[in-house]
Amino acid sequence: MSDFLAENNLCGQTLVKIVSRGNAIIANLLSLKDNIPQIFRLETRADVLRYGDVIVDLKYFSEADAFEHKIDQNLTLRDLDDELRESYIEVLSDFYSVFESIYRFAVELNKFVEDIQDGHYIQMTLETILWDVEGRQLLVESLYLYGVMLLLVDKYIEGPIRERMITSFYRYSGLQHSETNIDDVCKLLRSTKKIGTYPQDYFRRVDPNPTLVQLLIGRLRSDDIYNQLTSYALPEHRTTALASQAATLVIILSFAPHILQNENATMREICDKFFYDNYVVHVYMGYSINLVEFWDGFKSAKAALEICKSSKTNGTKIKQLVEEVKKVLKEGVLVEENILEKATKVVALLRECNVTLRWTMLHTAPLSTETATKRSRQFRDQILQEVKFDAEIILSLLLQVAELELKVKELYTKLLNEKESKWLELKKEAKERIEELAEVFSGNKPLSRIEKNDNLCHWLKTKATQIESLDFQKLNFSGRKIIELIRALNDMLEYHNLESQIQVRDWIGETTGCLHRMLRTGSINEDTLVTLQIIGDLGYAWGVLIDTFTPQMQGLIHKDPFAVSKLRAVFLKLSSAMDIPLMRLNQAKSQELVTVSSYYSGELVAYVQKVLQIIPESVFSLLHEIIELQTHSVKELPTRLDKDKVKDYAQLEARHQISRLTHDMSVLTEGILMMKSTLVGIIRIDPQVLLERGIRKELLRQLILTMSGSFGSVKVSLEWKLQQIAQRVDGIRRSFEYIGDYVNSHGLKIFQDELSRLLNFSAEQESNVWKKVKILPFHSSYQSKEVPIQLPSLEDPLAATFLGKLVNEVLSLTESKSTIYLADTSSWYDAKYHTPLLTPDSFKLLEGAIDIVGLVGVDRLFSFHCAKELEKLIKNFQSESSSNLDILSTFHAELQPASKVQQLSAYGPLLLRISRTLIPTALMKIGQIQLLRKRIQYQLQVSGNLNAKHIYCALGVANNLTSKSLLAKGENIEEFAYELSTCSEPFGMSDPMSKIYVTLKPIQHLPLLLALVTVHQLKKLTFSKTVCMFLFVI
């Protein structure tokens, strides 16, 4: 058969594209699993009460008309349904696209098998494909990937959630049944029951070709389809060599449950070959299956698996391997000069270590709380006792093995690159030594006790000529000649009785040594590197498994920051998990290659950042101590200092402590900077970037903790909370100003960037309450995958973020029913005790606590509150105007002319009739909000004029010129005016009274209604001699 993956082989190209698409689908599924909208989970009672009537499962399709009618008849449900459609249609489309891709993958695979059986591909049958090495691998992987998709989608996206998302997508997309595969997708991905013989029924929903299943199982039982046994020569390593094949067999057996249930002999054969010493199988990118749980509902499989009860390793062996690897890693033991001699022993040691690590890590991994059975827990507990499990020892072995592998690979790579030059250099050296020895026997270069021998001289010159004739391009032939030369030189010593001549013997020994090194150098090839790549695979630890060792890794870094360089080798070893999926995508020349590799590389970089996050955390803990000393212990030096007071200001002990802490901080950061720049997948890890991201992440955590923790349920004044936040934020700012020089970063810039990002993100998420189209957290322009913002969930139905709680607290504090606002002092006072509640100083504190960006965000939230109250007021007035139109029209005519002053009694009859609807709650709320916004605008103006006077003046001039251009109807000025308005907001250059909050149709007799409200409230005005002004008394 010709090359199965040749471009002109239609069958091979079709199959490799199917497999590559399967790998891409799984990558898309894994990338979406963390973006499930919370409301589709319906976990809380509040979510069920609010969304339960519009987010439903597949029962919708049996009673769709009744469901839609119910929503159409309820205005609240209709508005909520529209809101969900606008906010979540994009996310739902992404999920449905993955769901439909899984179904289409199964259909394409079945269609491919049918085409083969129908003779569509000339000279191709299932049997001939299975005879080809690449063909059988791809055919096995195609069905295996389908099973993996089904298991992963059921693991990460629960059945009820899938049903709700599919139903919602169908309703919101507006597509018809004929335009989608909605019925088939629903059938495939409806909820499953993970009990008994799961996943038997699940895998039967779209059944693959039974002939294909039987052929693949038969081939997997008998062959080594991935040719791994050549890299694992020892019989006790067979299960590790066949681990990948065993994973595919476990998945494909799920499509043939009759074998698992009834065929005892077959299952015993399978367990004897693949699972005689293990029962935890790594399936795909960190997803593993515990066969004790997975086959618990299948009689034959469960009985055959009993052989797996005995473990194959112990704690003593792990400790022994640690010591052996330590000896090899000692400086000078493994160098370029002797790597070729020790390669076989080193590879054997690495093979044993990796086999032991794989078995121990998989079988001691924590069990899933959802699927773990009593039997599986007993097995794990037994193994933990037998191996004397110690996570630190296992991590030590992993670090040393990864370091040794990296060292051997680097040495071998260097030797391969220098192979020809090194071989030629040794050839030259061997020739020169032979020629020099020939000179000695010629008598021209006499040595003591060595007689002239023309025959030996001629013979040695002949050998020198033979050495010169050796050709690097013909290594096989040259190798045989070198062996003959070595034998001839050794025979020369024996036949001519020259062994007693120490100088000649040493000369010949050095020459044969060069020839031996030529042999070893010529035998260098990539086989050893390939073997190291195979036995060093750490893909089974991807994700959850390696994450269980994160605390130990961080503890190691905390003790010794320079251990980061050792962890680098582990991260490179872990990247081997990406090889298989990316290889198939590359073979198919898929456009998804960059996307998939970017996702997996990003996940690995995120894990590296997580492990190294201990360094920024430790730096911050040291910074807190430094700032505490600088704030409370070290006195600030005055401009002038008397000589007798120098000792008082020296404070040597405190300054020494600051120096020690600063040195510790520098050592921590130096540790991460010692790590070399490393290419992981397609992303290059720069240690300086890692450090900066870690610092940003820890800064963000500290800011969130400060902001969210201060607006808790503690009954303290707002002013006290703002003071605490301002002090804490200022302390963090000074910390970053101090840290910059010691960690080689722009401290203040990082602080300002992250503070602004956090406040903008919080304001954006809080404003979702009033927006019809919501911005989800992972779609926000302020969100970052490298340094994500994760706000804590608040137990407050009225606020989503700390900014929302702040706004609500300010509104509650200045409630018009319980406070008095004095324009002369721009302050709010308690109506009963006349104590100040909110003063201009409070707004200065607010700026110190949440910065200019926070003030702008609070002002934006106030504007949303104002718009909400205006909508209430408009609805009230519209209702009043329509229900009393005749009365209002009559009364309006009676009040004419408008210039005539009317007595209050003239309004009496109309006020009695409509006074119940003229309660000015919404108007009072709007006035309260507008007063607060005016104060915020003033504070922004003062701050802008003080801290950025030139920009403030420039914006003022630009605003004036733009206003004149708009009045003159200048061309192309609208876009510039919008951008200028955005730039002017942080400087308070906007008038809340002239903003447009809502748009509406004209309301008849609106001026009259407003006048009636005013007249109705006049009796509540009283004159206060204390403040010399009218006060409104509720």
# chains A, B, ... in the order shown; residues from 1 in each chain; ligands from 1
$ residues_around --residues "Ala488 in chain A" --least-positions-apart "5" --cutoff "12 Å" --atoms "only C-alpha atoms" --output "list in words"
Trp459, Leu460, Thr462, Lys463, Gln466, Lys481, Ile482, Ile483, Leu493, Glu494, Tyr495, His496, Ile508, Thr511 and Thr512 of chain A
$ residues_around --residues "Lys872 in chain A" --least-positions-apart "6" --cutoff "12 Å" --atoms "only C-alpha atoms" --output "list in words"
His865, Cys866, Gln878, Ser879, Pro920, Thr921, Ala922, Leu923, Lys925, Ile926 and Val998 of chain A
$ write_last_selection --atoms "C-alpha atoms" --output "CSV table (one decimal), in the first residue's frame"
chain,number,residue,atom,x,y,z
A,865,HIS,CA,-30.6,55.0,39.1
A,866,CYS,CA,-31.8,58.4,37.8
A,878,GLN,CA,-48.7,58.9,31.5
A,879,SER,CA,-51.3,56.9,33.5
A,920,PRO,CA,-43.4,62.9,44.6
A,921,THR,CA,-41.3,59.9,45.7
A,922,ALA,CA,-39.7,59.5,42.2
A,923,LEU,CA,-39.1,63.2,41.9
A,925,LYS,CA,-35.3,60.4,44.4
A,926,ILE,CA,-34.3,62.1,41.2
A,998,VAL,CA,-34.8,58.6,28.6
$ select_by_dssp --residues "range 274-418 of chain A" --states "strand (DSSP E or B)" --output "ChimeraX atom specification"
/A:280-284,287-290
$ write_last_selection --atoms "N, CA, C and O atoms" --output "PDB file, in the first residue's frame"
ATOM      1  N   VAL A 280      -6.209   2.409  36.854  1.00  0.00           N
ATOM      2  CA  VAL A 280      -6.513   3.814  36.544  1.00  0.00           C
ATOM      3  C   VAL A 280      -5.911   4.125  35.177  1.00  0.00           C
ATOM      4  O   VAL A 280      -4.698   3.971  34.979  1.00  0.00           O
ATOM      5  N   VAL A 281      -6.748   4.545  34.239  1.00  0.00           N
ATOM      6  CA  VAL A 281      -6.330   4.742  32.851  1.00  0.00           C
ATOM      7  C   VAL A 281      -6.438   6.221  32.497  1.00  0.00           C
ATOM      8  O   VAL A 281      -7.493   6.838  32.682  1.00  0.00           O
ATOM      9  N   HIS A 282      -5.332   6.768  32.001  1.00  0.00           N
ATOM     10  CA  HIS A 282      -5.375   8.146  31.510  1.00  0.00           C
ATOM     11  C   HIS A 282      -5.961   8.149  30.104  1.00  0.00           C
ATOM     12  O   HIS A 282      -5.470   7.442  29.206  1.00  0.00           O
ATOM     13  N   VAL A 283      -7.012   8.931  29.903  1.00  0.00           N
ATOM     14  CA  VAL A 283      -7.752   8.899  28.639  1.00  0.00           C
ATOM     15  C   VAL A 283      -7.355  10.038  27.707  1.00  0.00           C
ATOM     16  O   VAL A 283      -6.926   9.813  26.574  1.00  0.00           O
ATOM     17  N   TYR A 284      -7.484  11.273  28.173  1.00  0.00           N
ATOM     18  CA  TYR A 284      -7.244  12.396  27.267  1.00  0.00           C
ATOM     19  C   TYR A 284      -6.994  13.671  28.068  1.00  0.00           C
ATOM     20  O   TYR A 284      -7.836  14.077  28.866  1.00  0.00           O
ATOM     21  N   TYR A 287      -7.775  13.766  31.711  1.00  0.00           N
ATOM     22  CA  TYR A 287      -9.004  13.064  32.094  1.00  0.00           C
ATOM     23  C   TYR A 287      -8.686  11.583  32.234  1.00  0.00           C
ATOM     24  O   TYR A 287      -8.260  10.930  31.284  1.00  0.00           O
ATOM     25  N   SER A 288      -8.875  11.047  33.430  1.00  0.00           N
ATOM     26  CA  SER A 288      -8.567   9.646  33.714  1.00  0.00           C
ATOM     27  C   SER A 288      -9.821   8.900  34.143  1.00  0.00           C
ATOM     28  O   SER A 288     -10.772   9.513  34.652  1.00  0.00           O
ATOM     29  N   ILE A 289      -9.794   7.593  33.957  1.00  0.00           N
ATOM     30  CA  ILE A 289     -10.929   6.733  34.321  1.00  0.00           C
ATOM     31  C   ILE A 289     -10.445   5.693  35.319  1.00  0.00           C
ATOM     32  O   ILE A 289      -9.439   5.017  35.097  1.00  0.00           O
ATOM     33  N   ASN A 290     -11.164   5.570  36.423  1.00  0.00           N
ATOM     34  CA  ASN A 290     -10.909   4.515  37.399  1.00  0.00           C
ATOM     35  C   ASN A 290     -11.781   3.326  37.014  1.00  0.00           C
ATOM     36  O   ASN A 290     -13.014   3.373  37.137  1.00  0.00           O
TER      37      ASN A 290
END
$ residues_around --residues "range 393-405 of chain A" --least-positions-apart "4" --cutoff "10 Å" --atoms "only C-alpha atoms" --output "number ranges by chain"
A: 315, 318-323, 325-326, 328-329, 334, 346-347, 349-351, 353-354, 356-357, 360-361, 389, 409-411, 529, 532-533, 535-536, 538, 546, 549-550, 552-553, 556, 563, 565-574
$ residues_around --residues "range 723-735 of chain A" --least-positions-apart "5" --cutoff "8 Å" --atoms "only C-alpha atoms" --output "PyMOL selection string"
chain A and resi 623-624+627+703+706-707+710+748+751+845-846+848-850
$ write_last_selection --atoms "N, CA and C atoms" --output "short mmCIF file (atom, residue, chain, number, x, y, z; two decimals), in the first residue's frame"
data_model
loop_
_atom_site.label_atom_id
_atom_site.label_comp_id
_atom_site.auth_asym_id
_atom_site.auth_seq_id
_atom_site.Cartn_x
_atom_site.Cartn_y
_atom_site.Cartn_z
N LEU A 623 6.34 43.15 51.85
CA LEU A 623 6.04 44.58 51.65
C LEU A 623 5.18 45.14 52.77
N HIS A 624 4.21 44.35 53.25
CA HIS A 624 3.36 44.82 54.34
C HIS A 624 4.21 45.14 55.57
N ILE A 627 6.21 48.41 54.86
CA ILE A 627 5.38 49.61 54.94
C ILE A 627 4.98 49.90 56.39
N LEU A 703 -6.57 44.38 46.27
CA LEU A 703 -7.54 45.48 46.06
C LEU A 703 -8.97 44.98 46.21
N THR A 706 -9.67 44.43 49.79
CA THR A 706 -9.84 45.72 50.49
C THR A 706 -11.21 46.32 50.20
N MET A 707 -11.57 46.37 48.92
CA MET A 707 -12.82 47.02 48.53
C MET A 707 -14.03 46.22 49.01
N SER A 710 -14.55 45.95 52.98
CA SER A 710 -14.90 47.16 53.73
C SER A 710 -16.39 47.46 53.69
N LEU A 748 4.28 51.91 40.01
CA LEU A 748 3.13 52.82 40.04
C LEU A 748 2.23 52.62 38.83
N PHE A 751 0.17 49.57 39.44
CA PHE A 751 -0.88 49.86 40.43
C PHE A 751 -2.04 50.62 39.79
N LEU A 845 -12.77 62.02 50.71
CA LEU A 845 -12.45 60.65 51.16
C LEU A 845 -12.82 59.63 50.10
N LEU A 846 -13.96 59.88 49.44
CA LEU A 846 -14.40 58.96 48.40
C LEU A 846 -13.39 58.90 47.27
N GLY A 848 -10.18 59.55 47.60
CA GLY A 848 -9.00 58.85 48.10
C GLY A 848 -9.18 57.35 48.15
N ALA A 849 -10.43 56.89 48.33
CA ALA A 849 -10.69 55.46 48.45
C ALA A 849 -10.79 54.77 47.09
N ILE A 850 -11.49 55.39 46.14
CA ILE A 850 -11.75 54.71 44.86
C ILE A 850 -11.20 55.46 43.66
#
$ atom_distance --atom1 "CA of Leu242 in chain A" --atom2 "CA of Leu220 in chain A"
9.8 Å
